[in-house]
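J.: Before I ask anything, here is the structure I am working with.
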Amino acid sequence: MEDFVNKLNEILWSPVMIYLCLGVGLLFSIVTRFLQVRHFKDMIALMFQGKSSDAGVSSFQALSLALSGRVGTGNIAGTATAIAFGGPGAVFWMWAIAFIGASSAFVESTLAQIYKVKQDGQYRGGPAYYIEKGTGWKWYAVLFALSAILAVGLLMPGIQANSIAAGLNNAFDMSPTVTGIILVLLLGTIIFGGVKRIATVAQYVVPFMALGYILLSIIIVAMNITELPHVMALIFKSALGFDQAFGGILGMAISWGVKRGIYSNEAGQGTGAHAAAAAEVSHPAKQGLVQAFSVYVDTLLVCSATAFMILFTGMYNTQAPDGSYIVNNLGDVEPGPAYTQAAIETVFPGFGAGFVAVALFFFAFTTIMAYYYIAETNIAYLTRGRDSRLPMFLLKVGILGATFYGSVKTAGLAWALGDVGLGIMVWLNIIAIVILAKPALKALKDYEEQKKQGKDPVFNPVNLGIKNADYWVNDFKRDEEQVS
């Protein structure tokens, strides 16, 4: 089973995929004149604007919901794995895909807002919706929806649950079975409460956990500050093939950095677009910019926090493709949370294992919550106009089962299955946003022109020649009056 899954991943994550993600991100960065730099101030200001309503959530709640999906085990275990197989240079490529990927996140999230619908009393949107409305290819939209349900509903929750179980077992000797039962009980309480409860939990938990984690990393870096020149030089030299020890795995650095970067920040994957569509805003570009900022938070802050703790303390191994060690500072330790735990232990003995276990619990648990919301949205797409209660119930049962299963299975198979799900979604979505980029670019230009005129931008798709943006034509004014 694991061999088959690994071979499938070799196809899905071939060099073509790696360079496609980099190329599309770079293309969008160029055509938007690097909006991720030009509109950085707007990204921060817009986070705290907008109100929630009966149908939608505020910009900050949507950001928190998206971050709950982005900030997960990939930030701890994924970053460690990238260093284990790609060397320190993989960190640079994680930064690179985050920087240029912010433009991809803007495009997909803006499209989600443009083509969102009001369905069963709440906003719904995402790749399946914008693929059908933007291209007219319903078969392609259905294919994405089915793939998303399979990936985030069944395959990817296991990765998060597995990391939680491994962290708690290492720190507190807690049985994976007990961890699985606890996760199922907590998750069931939240997901049976609907999107509002999910957004509310994310709004309070995500900022707290991210800030606490980053603060600890700053303390560890400060206590090892003399290593700063060496670590930064090592990252950049390894990333560009100039370091003697890591020069032979440059391709692995790029591959693992991009793969784990995309897994962590989800830029181009389409998952963040689901949360973006739920936001109550007056212009699609507003939430597009907010979602672009979430990529920065995820990779440039949280992933960097993990990478710096590991590299500044030297608590990592790096393997060559033939299985030999280029660096072996930890002995026979499986790549993942143990690297971060060992790093923290060097500064705070007796604290690292417990802290990482707790951080992983919050990071990964909120990601599973976000996965449920994404899968729910795609079921809502497939069941429009029909009774969705049974499919929604089956989804809840399925994701709870996947969470428990992931808690007790080996990490290798869990990660491999998750990579399959992620790979399918990225392939389908990245092609779609390239085809559909024009409406998002029109929305960005319209936003910028209205800002220059001193206005609070309000979206009118008819004036821009954008078709099938039915919500903005038929329902926006009425909803705006209710919110105000």
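Numbering starts fresh at 1 for the residues of each chain in the structure tokens, the chains themselves are lettered A, B, ... in the order given, and ligands are numbered from 1 as they appear.
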Which residues, written as a VMD selection string, have at least one atom at most 8 Å from Pro88 of chain A, with only C-alpha atoms counted and residues fewer than 4 positions away on the same chain left out?

T.: chain A and resid 83 92 234 to 235 238 to 239 253 311

J.: Considering only C-alpha atoms, return as a ChimeraX atom specification whatever protein or nucleic-acid residues lie within 10 Å of Gly241 of chain A, sequence-local ones (same chain, fewer than 6 positions apart) excluded.

T.: /A:89,247-251,253

J.: Output N, CA and C atoms for every residue in the selection just made, as an mmCIF file, in the first residue's frame.

T.:
data_model
loop_
_atom_site.group_PDB
_atom_site.id
_atom_site.type_symbol
_atom_site.label_atom_id
_atom_site.label_comp_id
_atom_site.auth_asym_id
_atom_site.auth_seq_id
_atom_site.Cartn_x
_atom_site.Cartn_y
_atom_site.Cartn_z
ATOM 1 N N GLY A 89 18.726 24.480 2.942
ATOM 2 C CA GLY A 89 18.322 25.242 1.758
ATOM 3 C C GLY A 89 16.840 25.142 1.465
ATOM 4 N N GLY A 247 25.540 20.717 -1.484
ATOM 5 C CA GLY A 247 25.466 21.018 -2.911
ATOM 6 C C GLY A 247 24.902 19.884 -3.743
ATOM 7 N N GLY A 248 25.093 18.657 -3.278
ATOM 8 C CA GLY A 248 24.634 17.509 -4.057
ATOM 9 C C GLY A 248 23.144 17.252 -3.964
ATOM 10 N N ILE A 249 22.443 17.956 -3.069
ATOM 11 C CA ILE A 249 20.995 17.731 -2.944
ATOM 12 C C ILE A 249 20.206 19.014 -3.243
ATOM 13 N N LEU A 250 20.743 19.835 -4.168
ATOM 14 C CA LEU A 250 20.046 21.074 -4.516
ATOM 15 C C LEU A 250 18.637 20.794 -5.016
ATOM 16 N N GLY A 251 18.489 19.781 -5.881
ATOM 17 C CA GLY A 251 17.158 19.442 -6.392
ATOM 18 C C GLY A 251 16.215 19.040 -5.277
ATOM 19 N N ALA A 253 16.420 20.093 -2.193
ATOM 20 C CA ALA A 253 16.106 21.315 -1.439
ATOM 21 C C ALA A 253 14.946 22.057 -2.079
#

J.: Do a neighbour search on Trp472 of chain A at 12 Å with only C-alpha atoms, toss out local chain neighbours closer than 4 positions, and write the hits as a list in words.

T.: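 Contacts, with the query itself left out: Gln113, Ile114, Tyr115, Lys116, Val117, Lys118, Tyr123, Glu280, Val281, Ser282, His283, Pro284, Val458, Phe459, Asn460, Pro461, Val462, Asn463, Ile466, Lys467, Asn468, Phe476, Lys477, Arg478, Asp479 and Glu480 of chain A.
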
J.: Rounded to one decimal in Å, what is the spacing between atom CA of Thr179 of chain A and atom CA of Ala402 of chain A?

T.: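 Answer for the atom CA of Thr179 of chain A to atom CA of Ala402 of chain A separation: 13.3 Å.
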
J.: Which one is closest to Ala275 of chain A: A:Ala105, A:Met392, A:Leu22, A:Ala357? Count only C-alpha atoms.

T.: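 Among the listed residues, the smallest separation from Ala275 of chain A belongs to A:Ala105.
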